[in-house]
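Asks: The structure's right below; bear with me while I get my questions together.
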Number of protein chains: 6
Amino acid sequence: MAGVVITNIARADADVIDGLASCGVATVHEALGRTGLMLAHMRPIYPRARIAGSAITISAPPGDNWMLHVAIEQLRPGDILVLAPTSPCEDGYFGDLLATSAMARGCRGLVIDAGVRDVRDLTEMGFPVWSKAVSAQGTIKASLGSVNVPVVCAGAAVNPGDVIVADDDGVCVVSRETAAEVLAKAQAREANEGDKRARLAAGELGLDLYAMREKLAALGLKYV
Amino acid sequence: MAGVVITNIARADADVIDGLASCGVATVHEALGRTGLMLAHMRPIYPRARIAGSAITISAPPGDNWMLHVAIEQLRPGDILVLAPTSPCEDGYFGDLLATSAMARGCRGLVIDAGVRDVRDLTEMGFPVWSKAVSAQGTIKASLGSVNVPVVCAGAAVNPGDVIVADDDGVCVVSRETAAEVLAKAQAREANEGDKRARLAAGELGLDLYAMREKLAALGLKYV
Amino acid sequence: MAGVVITNIARADADVIDGLASCGVATVHEALGRTGLMLAHMRPIYPRARIAGSAITISAPPGDNWMLHVAIEQLRPGDILVLAPTSPCEDGYFGDLLATSAMARGCRGLVIDAGVRDVRDLTEMGFPVWSKAVSAQGTIKASLGSVNVPVVCAGAAVNPGDVIVADDDGVCVVSRETAAEVLAKAQAREANEGDKRARLAAGELGLDLYAMREKLAALGLKYV
Amino acid sequence: MAGVVITNIARADADVIDGLASCGVATVHEALGRTGLMLAHMRPIYPRARIAGSAITISAPPGDNWMLHVAIEQLRPGDILVLAPTSPCEDGYFGDLLATSAMARGCRGLVIDAGVRDVRDLTEMGFPVWSKAVSAQGTIKASLGSVNVPVVCAGAAVNPGDVIVADDDGVCVVSRETAAEVLAKAQAREANEGDKRARLAAGELGLDLYAMREKLAALGLKYV
Amino acid sequence: MAGVVITNIARADADVIDGLASCGVATVHEALGRTGLMLAHMRPIYPRARIAGSAITISAPPGDNWMLHVAIEQLRPGDILVLAPTSPCEDGYFGDLLATSAMARGCRGLVIDAGVRDVRDLTEMGFPVWSKAVSAQGTIKASLGSVNVPVVCAGAAVNPGDVIVADDDGVCVVSRETAAEVLAKAQAREANEGDKRARLAAGELGLDLYAMREKLAALGLKYV
Amino acid sequence: MAGVVITNIARADADVIDGLASCGVATVHEALGRTGLMLAHMRPIYPRARIAGSAITISAPPGDNWMLHVAIEQLRPGDILVLAPTSPCEDGYFGDLLATSAMARGCRGLVIDAGVRDVRDLTEMGFPVWSKAVSAQGTIKASLGSVNVPVVCAGAAVNPGDVIVADDDGVCVVSRETAAEVLAKAQAREANEGDKRARLAAGELGLDLYAMREKLAALGLKYV
């Protein structure tokens with residue numbers, strides 16, 4: 001089943017992708033009906049990065065990073081590498097040389113359900129990574145995997161060309177087909193939050209703002 | 001058993017609370033006889049926060065943050081929200097809107113044995129959180145929990161009105177009744193450390209400063 | 001078996017040690033044939049520290065930090081404390097007073113497969129620590145352990161006098177006997193990377209730079 | 001705070017205790033309003049044990065089992081030992097000699113948020129244990145803890161004399177004061193289940209038996 | 001996105017399904033090109049069960065088992081329930097009453113990336129379950145999920161109607177479309193193993209049986 | 001560093017090895033001064049196995065079981081295979097065919113800090129395994145490792161020819177050189193336990209049997 005590279009994948013509109021980035025993970029995840037989130041063990045190597053891009057997916061054997069070199073050739077500006085190992089692994093598949101190469105191709109970042117190394121260099125280069133671990137453990141180049149096939153990464157299904165949104169809250173996957181619709185919902189949600197924020201900041205309670213008191217009483221909440 | 005809000009809880013003296021904050025978690029924990037510490041998975045979302053406050057406790061179902069809205073009404077300036085889910089959960093119960101509301105009530109921070117989101121916003125707002133996870137996973141508002149009942153949070157028993165102390169070393173719970181006494185012990189401990197620090201910095205060994213050599217020899221320690 | 005302090009250990013050359021520090025963990029680990037790395041749960045308490053030094057090893061009972069005082073007397077300038085508990089433990093064995101004492105002896109840092117506390121103070125003092133946990137949990141001084149005996153720390157065998165290299169990527173152990181040889185390999189590796197980095201930055205692909213295409217095709221990689 | 005043994009604790013009625021045992025953990029936990037359950041890492045060392053008894057609580061330092069000897073003297077027939085370490089620990093605090101001694105005092109079992117050893121012997125002796133780990137790691141007898149003080153064990157608050165119920169599903173804590181009332185609820189629940197079981201076995205659907213269809217439709221469930 | 005029940009799903013041939021069951025998980029996983037395996041935390045509640053069946057998938061909120069009742073109506077004889085919570089959860093979604101109902105519909109077992117309870121009863125009933133945890137923690141019936149939608153369960157993507165194979169080695173997913181082809185490969189693999197087993201049992205080495213010596217020597221393996 | 005097979009290792013006396021097996025892990029670990037124990041995640045695939053044997057050590061890449069074939073040739077009757085992956089891995093390196101081959105060489109069992117599969121077959125064959133995981137995940141044969149080199153397995157240092165003792169309590173390592181001496185201590189310990197067991201069974205308390213009351217009082221233990 002391994003050993004395939006899909007070279008011609010569809011991508012979402014650049015404007016849609018950038019719009020999703022500016023909404024951020026929490027808002028996009030809500031707009032998705034609270035689906036598509038990767039597991040909470042996926043953490044950024046440095047704070048304050050917020051990106052979105054088209055997924056170049058990689059299925060790679062444990063401890064073998066050969067397919068990253070193959071995947072980099074498939075990158076177009078604005079893409080994000082998404083690597084899922086075929087079995088759980090924390091080895092450091094990716095470091096500053098691969099980041100240099102990926103950046104030269106316009107890659108916006110890496111999402112990897114495994115380890116990453118050279119994190120100080122990556123931080124200085126401004127190449128963001130969300131990973132399961134930081135590990136200097138070296139990898140080999142011996143076996144084939146695949147590029148741009150469907151993968152499950154950190155509990156989320158990812159198809160090549162899906163939009164990946166990542167920030168300090170984690171990583172979220174938006175299917176390419178629904179990306180524009182999800183953006184519209186996310187932006188509506190954002191527009192709606194400004195007023196709420198102002199009222200809450202002024203001391204109004206969520207209990208009143210969201211008209212919760214009656215429902216809580218009906219369920220039997222008792223103040224004593 | 002769920003569905004209760006205790007509205008009238010006792011709190012420790014503000015001076016005692018602020019004194020405990022300035023001692024910090026490690027010193028307070030020692031003054032408590034090495035008890036009252038939450039488990040080490042409770043980590044701050046940003047470094048260098050150090051707070052103390054009275055606990056407003058929340059028992060909430062997994063994936064349901066409704067009781068946070070109820071709890072915010074119970075906050076007085078100087079309080080800290082303490083949320084324990086009724087079963088293990090890493091969902092993101094709390095974000096920037098709830099933080100805006102809590103800050104408007106004078107809340108000093110959140111301690112949650114679950115997840116938190118919008119951590120970049122919370123960091124910029126200066127609202128500190130100690131949590132088990134960072135997760136964008138959304139929650140619902142469907143079931144009752146309770147506010148200001150005794151809870152077990154991250155392995156520590158917390159009663160409403162207990163003093164919570166939190167900093168980069170973790171989170172510690174001081175019972176309201178003994179808070180003044182614990183502060184006195186903590187301050188005594190601190191006063192005692194200045195001299196030790198100076199002598200150790202000058203090169204004196206702990207072996208001599210604490211007169212350990214004889215005891216070690218008696219137990220059979222051998223230098224070879 | 002506990003209760004022994006070896007006072008006269010051999011150390012690697014200071015120049016070799018400093019050379020290894022400037023190569024960093026990932027490069028040294030590669031030069032070692034991808035061995036000697038501690039497990040990925042060993043994380044620095046603050047970013048951007050990069051050190052190397054001679055290991056003063058400590059085998060200590062769970063929750064008992066007495067042997068740290070004994071070990072500090074054995075420190076010479078340039079050494080690193082390496083503590084392995086005799087059973088898994090996350091208690092906070094080490095804080096600012098011990099760090100003050102260790103720094104007075106010229107100690108460069110601590111590597112501990114357990115917990116550390118006072119991390120804010122340690123950060124301000126510039127005393128780097130790699131640990132399994134941050135925990136304020138206090139420890140006692142009741143039982144003997146040993147100093148400068150062989151230990152297993154976070155999955156890596158460490159002998160007293162081995163060279164410890166630690167940075168943002170983790171912690172690596174180089175045997176004292178091979179340290180000079182490993183340094184030579186690490187430096188050769190580094191020299192070799194500059195050219196590669198420039199070519200990758202210019203857009204050349206790893207597939208071409210490393211001549212991988214033929215091998216991948218031979219294994220059956222298919223582009224579709 | 002350590003160093004106390006409470007010798008005169010109250011216990012629930014023997015009949016109530018035995019009634020709770022025959023209901024089992026899942027039913028008792030439901031009768032408690034879904035509270036009181038220890039975390040799921042507490043597993044039995046052999047299947048099919050089902051016990052209830054009065055808690056003799058033990059707070060013990062990590063890796064130090066001295067207080068177990070102290071606690072055994074406090075046992076009366078029908079009691080259960082409940083040990084919570086003062087910090088997380090997986091060492092083997094308890095083995096066949098302690099079990100021999102506990103059984104001689106009429107002890108029904110051990111609940112320990114740490115490790116146990118000699119599990120083959122314990123199985124052959126029919127002495128049930130619920131633990132966090134099986135580990136041969138030996139412990140020492142150097143420091144005081146306390147017996148029959150309130151503890152938090154595996155996420156549940158336990159007071160001495162509380163009723164512990166344990167079976168293949170885990171461990172549940174019932175406060176001594178409410179034990180009779182909880183038993184009544186648990187038995188009512190059980191009585192109610194026989195009829196349901198028969199109807200479900202005959203092919204009737206829960207959707208109909210519990211009249212769920214209307215509610216689900218009202219919430220918008222769609223069949224396609 | 002939640003709130004949908006797909007009522008008319010396709011299933012693989014009964015003979016193919018039963019054939020896959022008799023091959024077992026390890027062989028089927030190999031026939032799949034080493035894909036489709038759920039994570040190793042999915043363990044059976046009792047040993048020696050080996051089943052295969054068509055997946056009735058369930059996406060359920062954390063701590064809410066309502067959709068199990070909905071799913072049971074969709075069961076046909078030979079099906080297996082597959083539940084994935086929408087965020088990580090270890091609560092006990094399933095017990096003996098639900099098992100009674102599922103068995104009455106011909107269900108062969110449950111695969112759940114969460115908790116299960118009444119495991120002693122389930123064992124006596126012969127209803128096999130593979131789960132992440134055993135937990136008595138009760139769940140509620142408050143929110144919608146979906147039935148027979150694509151899910152990710154324990155790291156594996158599952159579509160409704162896919163063939164689930166489960167035994168002591170874990171749980172494997174075979175897509176409905178390729179099930180017959182995978183069975184053929186698995187049976188070929190099995191046929192091939194008998195001869196190997198006999199030769200290995202007679203003392204022939206794998207090094208010779210698989211003609212590995214030359215390749216190992218070519219890679220540089222040295223005997224010293 | 002990989003790619004070496006040491007063919008001529010020393011082993012301990014068969015009588016000493018068998019003596020250690022009959023003492024069991026907990027007793028041998030105590031006789032070792034409470035050292036040499038592997039971490040508690042190493043669990044047997046079936047209960048009641050108790051073995052000892054000479055270690056044939058294997059260092060293997062993640063997800064690559066080639067070296068097991070190489071190691072089997074090095075087995076002599078009474079040996080135990082000990083596999084440590086070069087980075088953390090839970091894949092199923094070993095199944096019934098390898099077990100058939102190992103048994104044909106007189107191998108007594110496998111200790112593996114990774115996964116194992118075909119556990120039902122292995123149980124029926126009576127081939128005991130202690131592992132970190134059960135997983136059907138297949139492995140490859142692509143890269144060299146080494147056989148009979150020093151390894152760290154599950155936190156314990158193992159040299160080829162060391163005596164491995166394993167039972168329901170876990171796995172312990174005894175250095176070949178001290179094996180006879182450790183056996184003598186273990187047997188002395190056992191001889192001493194019979195009398196204690198009888199006295200404890202008769203109701204004598206450990207507090208009296210071990211004369212602990214005075215010491216506890218001296219430390220300040222208070223009965224209230």
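Residues are named by chain letter and number: chains run A, B, ... in the order of the structure tokens, numbers start at 1 in each chain, and ligands are numbered from 1 in the order shown.
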I'd like the neighbourhood of segment 121-137 of chain A as a PyMOL selection string, where a residue qualifies if any of its atoms comes within 7 Å (using only C-alpha atoms), though same-chain residues fewer than 6 positions away should be ignored.

Replies: (chain A and resi 41-46+49+90-92+96+99+109-115) or (chain C and resi 25-26+34+37+40+169-170)

Asks: Extract, using only C-alpha atoms, all DNA, RNA and protein residues at most 12 Å from Val82 of chain D, discarding same-chain residues fewer than 2 positions from it, and format them as a PyMOL selection string.

Replies: chain D and resi 38+42+53-60+67-68+71-72+75+79-80+84-85+93-94+107-114+129-131+146-154+156-166+171-173

Asks: Got a sec to pull out which chain E residues are within 6 Å of chain D, counting only C-alpha atoms, and send them as a tab-separated table (two decimals) with N, CA, C and O atoms, in the first residue's frame?

Replies:
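See result-v3.tsv below for the written result:
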```
chain	number	residue	atom	x	y	z
E	3	GLY	N	-25.95	14.51	14.79
E	3	GLY	CA	-27.40	14.39	14.70
E	3	GLY	C	-27.89	13.65	13.47
E	3	GLY	O	-29.02	13.85	13.03
E	4	VAL	N	-27.05	12.78	12.91
E	4	VAL	CA	-27.42	12.04	11.71
E	4	VAL	C	-27.30	10.54	11.96
E	4	VAL	O	-26.34	10.09	12.57
E	5	VAL	N	-28.30	9.80	11.46
E	5	VAL	CA	-28.23	8.34	11.49
E	5	VAL	C	-28.38	7.83	10.07
E	5	VAL	O	-29.43	8.06	9.43
E	6	ILE	N	-27.35	7.16	9.58
E	6	ILE	CA	-27.45	6.56	8.24
E	6	ILE	C	-28.02	5.16	8.43
E	6	ILE	O	-27.44	4.35	9.15
E	69	HIS	N	-27.97	3.68	22.20
E	69	HIS	CA	-29.35	3.20	22.05
E	69	HIS	C	-29.82	3.36	20.61
E	69	HIS	O	-30.50	2.49	20.06
E	97	LEU	N	-26.77	-4.05	30.51
E	97	LEU	CA	-28.09	-3.88	29.89
E	97	LEU	C	-27.96	-3.60	28.39
E	97	LEU	O	-28.67	-4.19	27.57
E	100	THR	N	-27.07	-6.78	26.71
E	100	THR	CA	-28.24	-7.65	26.54
E	100	THR	C	-29.02	-7.26	25.31
E	100	THR	O	-29.42	-8.11	24.48
E	101	SER	N	-29.22	-5.96	25.16
E	101	SER	CA	-29.96	-5.45	24.01
E	101	SER	C	-29.21	-5.71	22.70
E	101	SER	O	-29.80	-6.16	21.71
E	104	ALA	N	-29.34	-9.32	21.70
E	104	ALA	CA	-30.66	-9.69	21.18
E	104	ALA	C	-30.79	-9.33	19.70
E	104	ALA	O	-31.62	-9.90	18.99
E	117	ARG	N	-18.11	-0.86	31.43
E	117	ARG	CA	-18.28	-1.33	32.80
E	117	ARG	C	-19.11	-2.61	32.84
E	117	ARG	O	-19.52	-3.09	31.79
E	135	SER	N	-14.10	1.27	33.32
E	135	SER	CA	-14.47	2.32	34.26
E	135	SER	C	-15.95	2.25	34.57
E	135	SER	O	-16.78	2.15	33.66
E	136	ALA	N	-16.28	2.33	35.86
E	136	ALA	CA	-17.69	2.34	36.26
E	136	ALA	C	-18.34	3.70	36.07
E	136	ALA	O	-19.54	3.85	36.28
E	138	GLY	N	-20.41	6.59	35.25
E	138	GLY	CA	-21.67	6.66	34.52
E	138	GLY	C	-21.70	7.78	33.50
E	138	GLY	O	-20.95	8.76	33.59
```

Asks: Using DSSP secondary structure from the backbone, list all helix (DSSP H, G or I) positions within chain C, as a PyMOL selection string.

Replies: chain C and resi 14-23+25-31+66-74+96-104+119-125+176-201+206-209+213-219

Asks: I'd like the superposed chain C, fitted onto chain E by least squares over all Cα atoms in order, as a short mmCIF file (atom, residue, chain, number, x, y, z; two decimals) with C-alpha atoms, in the first residue's frame.

Replies:
```cif
data_model
loop_
_atom_site.label_atom_id
_atom_site.label_comp_id
_atom_site.auth_asym_id
_atom_site.auth_seq_id
_atom_site.Cartn_x
_atom_site.Cartn_y
_atom_site.Cartn_z
CA MET C 1 -22.58 18.09 12.01
CA ALA C 2 -23.86 15.72 14.70
CA GLY C 3 -27.40 14.38 14.69
CA VAL C 4 -27.43 12.05 11.71
CA VAL C 5 -28.24 8.34 11.49
CA ILE C 6 -27.46 6.56 8.23
CA THR C 7 -29.87 3.67 8.09
CA ASN C 8 -28.94 1.90 4.94
CA ILE C 9 -25.32 0.86 4.85
CA ALA C 10 -23.63 -1.73 2.70
CA ARG C 11 -21.90 -4.69 4.32
CA ALA C 12 -19.30 -7.17 3.13
CA ASP C 13 -20.19 -10.79 2.40
CA ALA C 14 -20.79 -12.90 5.49
CA ASP C 15 -18.33 -15.52 4.23
CA VAL C 16 -15.62 -12.97 3.74
CA ILE C 17 -16.22 -11.57 7.21
CA ASP C 18 -16.05 -14.99 8.81
CA GLY C 19 -12.94 -15.83 6.84
CA LEU C 20 -11.23 -12.71 8.14
CA ALA C 21 -12.18 -13.64 11.71
CA SER C 22 -10.49 -17.00 11.40
CA CYS C 23 -7.30 -15.42 10.02
CA GLY C 24 -6.99 -13.15 13.03
CA VAL C 25 -5.73 -9.60 13.45
CA ALA C 26 -2.00 -10.05 12.89
CA THR C 27 -2.44 -11.91 9.61
CA VAL C 28 -5.14 -9.56 8.31
CA HIS C 29 -3.04 -6.53 9.22
CA GLU C 30 -0.15 -7.97 7.21
CA ALA C 31 -2.47 -8.71 4.30
CA LEU C 32 -3.52 -5.06 4.42
CA GLY C 33 0.08 -3.96 3.83
CA ARG C 34 0.46 -3.26 7.57
CA THR C 35 -2.25 -0.65 7.77
CA GLY C 36 -5.60 -0.36 9.48
CA LEU C 37 -4.56 -1.24 13.01
CA MET C 38 -6.05 0.58 15.99
CA LEU C 39 -3.66 1.82 18.68
CA ALA C 40 -2.33 -0.69 21.21
CA HIS C 41 -4.33 0.81 24.08
CA MET C 42 -7.38 -1.05 22.75
CA ARG C 43 -7.43 -4.18 24.93
CA PRO C 44 -9.99 -6.99 25.25
CA ILE C 45 -11.86 -7.32 28.54
CA TYR C 46 -11.27 -11.07 28.51
CA PRO C 47 -8.83 -13.31 26.62
CA ARG C 48 -9.43 -15.65 23.68
CA ALA C 49 -12.23 -13.80 21.92
CA ARG C 50 -11.77 -13.59 18.16
CA ILE C 51 -14.47 -11.91 16.09
CA ALA C 52 -15.14 -10.11 12.83
CA GLY C 53 -18.19 -8.14 11.80
CA SER C 54 -19.55 -5.11 9.98
CA ALA C 55 -18.97 -1.78 11.70
CA ILE C 56 -21.92 0.19 12.98
CA THR C 57 -20.06 3.41 13.78
CA ILE C 58 -20.97 5.82 16.55
CA SER C 59 -19.68 9.33 17.14
CA ALA C 60 -20.64 10.29 20.69
CA PRO C 61 -19.96 13.27 22.97
CA PRO C 62 -17.70 12.71 26.00
CA GLY C 63 -19.63 11.08 28.83
CA ASP C 64 -22.86 10.71 26.85
CA ASN C 65 -23.99 7.26 25.70
CA TRP C 66 -27.34 8.15 24.20
CA MET C 67 -26.28 7.29 20.67
CA LEU C 68 -25.60 3.68 21.68
CA HIS C 69 -29.35 3.21 22.05
CA VAL C 70 -29.86 4.72 18.62
CA ALA C 71 -27.13 2.54 17.13
CA ILE C 72 -28.54 -0.69 18.52
CA GLU C 73 -31.65 -0.27 16.37
CA GLN C 74 -29.36 -0.21 13.31
CA LEU C 75 -27.67 -3.53 14.18
CA ARG C 76 -28.12 -6.60 12.03
CA PRO C 77 -26.85 -10.03 13.03
CA GLY C 78 -23.08 -10.15 12.62
CA ASP C 79 -22.48 -6.45 13.23
CA ILE C 80 -19.98 -4.87 15.63
CA LEU C 81 -20.52 -1.56 17.41
CA VAL C 82 -17.61 0.89 17.02
CA LEU C 83 -17.74 3.97 19.25
CA ALA C 84 -15.39 6.96 18.98
CA PRO C 85 -15.92 9.81 21.46
CA THR C 86 -15.67 13.32 20.02
CA SER C 87 -12.95 14.10 22.54
CA PRO C 88 -10.80 11.78 24.69
CA CYS C 89 -12.88 10.11 27.41
CA GLU C 90 -12.57 7.05 29.63
CA ASP C 91 -16.10 6.95 31.05
CA GLY C 92 -18.03 3.69 31.11
CA TYR C 93 -20.44 4.13 28.19
CA PHE C 94 -21.56 0.52 28.02
CA GLY C 95 -22.65 -2.18 30.49
CA ASP C 96 -24.69 -5.33 30.83
CA LEU C 97 -28.08 -3.87 29.89
CA LEU C 98 -26.83 -2.45 26.62
CA ALA C 99 -25.01 -5.73 25.97
CA THR C 100 -28.23 -7.65 26.55
CA SER C 101 -29.97 -5.46 24.02
CA ALA C 102 -27.13 -5.65 21.50
CA MET C 103 -26.94 -9.46 21.78
CA ALA C 104 -30.65 -9.68 21.18
CA ARG C 105 -29.99 -8.00 17.83
CA GLY C 106 -27.19 -10.40 16.91
CA CYS C 107 -24.33 -8.03 17.70
CA ARG C 108 -20.93 -9.75 17.95
CA GLY C 109 -19.10 -7.25 20.15
CA LEU C 110 -18.11 -3.69 20.90
CA VAL C 111 -15.00 -1.69 20.02
CA ILE C 112 -14.87 1.54 22.01
CA ASP C 113 -12.12 4.14 22.36
CA ALA C 114 -13.40 4.94 25.84
CA GLY C 115 -14.49 2.96 28.91
CA VAL C 116 -16.76 0.00 29.57
CA ARG C 117 -18.28 -1.33 32.80
CA ASP C 118 -19.99 -4.44 34.19
CA VAL C 119 -17.05 -6.33 32.74
CA ARG C 120 -17.65 -9.34 34.95
CA ASP C 121 -21.20 -9.65 33.64
CA LEU C 122 -20.07 -9.09 30.07
CA THR C 123 -17.49 -11.84 30.49
CA GLU C 124 -20.10 -14.24 31.80
CA MET C 125 -22.46 -13.32 28.97
CA GLY C 126 -19.68 -13.91 26.45
CA PHE C 127 -20.03 -10.45 24.95
CA PRO C 128 -16.53 -9.36 23.93
CA VAL C 129 -15.38 -5.73 24.20
CA TRP C 130 -12.16 -4.00 23.18
CA SER C 131 -11.76 -0.73 25.04
CA LYS C 132 -9.35 1.96 26.18
CA ALA C 133 -10.35 1.58 29.81
CA VAL C 134 -12.54 -0.26 32.27
CA SER C 135 -14.47 2.33 34.26
CA ALA C 136 -17.68 2.35 36.25
CA GLN C 137 -18.06 6.07 35.56
CA GLY C 138 -21.67 6.67 34.52
CA THR C 139 -22.71 8.60 31.44
CA ILE C 140 -25.69 10.79 30.57
CA LYS C 141 -28.18 11.02 27.71
CA ALA C 142 -28.29 14.70 26.82
CA SER C 143 -26.69 15.43 23.45
CA LEU C 144 -26.85 14.12 19.93
CA GLY C 145 -24.04 12.34 18.16
CA SER C 146 -24.25 10.42 14.92
CA VAL C 147 -24.55 6.81 13.78
CA ASN C 148 -22.97 5.30 10.69
CA VAL C 149 -20.83 8.27 9.77
CA PRO C 150 -17.06 8.00 9.15
CA VAL C 151 -15.12 8.13 12.43
CA VAL C 152 -11.53 7.94 13.64
CA CYS C 153 -11.39 5.30 16.39
CA ALA C 154 -8.12 4.77 18.30
CA GLY C 155 -6.10 6.17 15.42
CA ALA C 156 -7.84 4.21 12.64
CA ALA C 157 -10.33 5.62 10.13
CA VAL C 158 -13.53 3.55 10.10
CA ASN C 159 -16.40 3.80 7.65
CA PRO C 160 -19.77 2.23 8.38
CA GLY C 161 -19.85 -1.26 6.93
CA ASP C 162 -16.09 -1.73 7.10
CA VAL C 163 -15.05 -5.10 8.46
CA ILE C 164 -13.71 -5.03 12.00
CA VAL C 165 -11.44 -7.90 13.07
CA ALA C 166 -10.55 -8.19 16.76
CA ASP C 167 -8.71 -10.68 18.90
CA ASP C 168 -6.09 -10.82 21.67
CA ASP C 169 -3.66 -8.85 19.49
CA GLY C 170 -5.98 -5.85 19.08
CA VAL C 171 -8.37 -4.46 16.50
CA CYS C 172 -7.97 -4.06 12.75
CA VAL C 173 -10.16 -2.33 10.13
CA VAL C 174 -10.65 -3.67 6.60
CA SER C 175 -12.46 -1.47 4.10
CA ARG C 176 -15.63 -3.10 2.85
CA GLU C 177 -14.62 -2.70 -0.80
CA THR C 178 -11.34 -4.58 -0.45
CA ALA C 179 -12.43 -7.17 2.11
CA ALA C 180 -12.57 -10.10 -0.30
CA GLU C 181 -9.19 -9.29 -1.76
CA VAL C 182 -7.66 -8.88 1.68
CA LEU C 183 -9.10 -12.22 2.74
CA ALA C 184 -7.46 -13.90 -0.23
CA LYS C 185 -4.09 -12.41 0.69
CA ALA C 186 -4.51 -13.34 4.33
CA GLN C 187 -5.36 -16.93 3.46
CA ALA C 188 -2.40 -17.16 1.10
CA ARG C 189 -0.23 -15.90 3.91
CA GLU C 190 -1.61 -18.51 6.28
CA ALA C 191 -1.13 -21.34 3.82
CA ASN C 192 2.47 -20.26 3.51
CA GLU C 193 3.11 -20.29 7.22
CA GLY C 194 2.51 -23.98 7.90
CA ASP C 195 5.60 -25.13 6.09
CA LYS C 196 7.72 -22.42 7.69
CA ARG C 197 6.48 -23.32 11.14
CA ALA C 198 7.41 -26.96 10.65
CA ARG C 199 10.91 -26.14 9.43
CA LEU C 200 11.55 -23.65 12.23
CA ALA C 201 10.26 -26.16 14.78
CA ALA C 202 12.74 -28.65 13.38
CA GLY C 203 15.54 -26.24 14.19
CA GLU C 204 16.15 -24.61 10.83
CA LEU C 205 17.11 -20.99 11.34
CA GLY C 206 15.21 -18.03 9.93
CA LEU C 207 18.59 -16.79 8.69
CA ASP C 208 18.66 -19.78 6.35
CA LEU C 209 14.95 -20.26 5.72
CA TYR C 210 14.61 -16.67 4.54
CA ALA C 211 18.12 -16.54 2.99
CA MET C 212 19.15 -13.54 5.04
CA ARG C 213 22.85 -14.19 5.55
CA GLU C 214 24.10 -12.65 2.37
CA LYS C 215 22.06 -9.50 2.74
CA LEU C 216 23.17 -9.02 6.33
CA ALA C 217 26.80 -9.48 5.34
CA ALA C 218 26.37 -7.00 2.49
CA LEU C 219 25.10 -4.41 4.96
CA GLY C 220 28.20 -5.03 7.06
CA LEU C 221 27.05 -7.22 9.94
CA LYS C 222 30.10 -8.48 11.79
CA TYR C 223 30.39 -11.53 13.98
CA VAL C 224 33.10 -11.24 16.64
#
```

Asks: Determine which residues of segment 24-141 of chain B DSSP labels as strand (DSSP E or B) from the backbone of this structure, then write them out as a ChimeraX atom specification.

Replies: /B:37,43-44,51-60,64,79-85,92,109-116,129-134,140

Asks: Write to file, as a compact mmCIF listing (two decimals), in the first residue's frame, the residues of the selection just made, with C-alpha atoms.

Replies:
```
# COMPACT_ATOMS: atom_id res chain seq x y z
CA LEU B 37 0.09 20.19 46.32
CA ARG B 43 1.13 23.73 34.25
CA PRO B 44 0.81 27.47 33.72
CA ILE B 51 -1.03 34.49 42.43
CA ALA B 52 -3.06 33.59 45.48
CA GLY B 53 -6.79 33.88 46.01
CA SER B 54 -9.89 32.32 47.50
CA ALA B 55 -11.19 29.25 45.73
CA ILE B 56 -14.54 29.34 43.99
CA THR B 57 -14.86 25.63 43.30
CA ILE B 58 -16.66 24.11 40.32
CA SER B 59 -17.64 20.49 39.77
CA ALA B 60 -18.51 20.13 36.09
CA ASP B 64 -19.71 20.85 29.68
CA ASP B 79 -10.99 34.99 43.94
CA ILE B 80 -9.63 32.14 41.84
CA LEU B 81 -11.79 29.72 39.86
CA VAL B 82 -11.00 26.03 40.52
CA LEU B 83 -12.63 23.54 38.17
CA ALA B 84 -12.58 19.76 38.60
CA PRO B 85 -14.36 17.67 35.96
CA GLY B 92 -11.13 23.43 26.39
CA GLY B 109 -6.92 33.32 37.59
CA LEU B 110 -8.16 29.84 36.82
CA VAL B 111 -6.98 26.43 38.01
CA ILE B 112 -8.54 23.66 35.91
CA ASP B 113 -7.86 19.92 35.83
CA ALA B 114 -8.91 19.90 32.17
CA GLY B 115 -8.18 22.00 29.07
CA VAL B 116 -8.13 25.70 28.25
CA VAL B 129 -4.34 29.70 33.99
CA TRP B 130 -2.95 26.45 35.37
CA SER B 131 -4.34 23.52 33.42
CA LYS B 132 -3.87 19.88 32.50
CA ALA B 133 -3.96 20.63 28.78
CA VAL B 134 -4.28 23.28 26.13
CA ILE B 140 -21.50 22.30 25.62
```
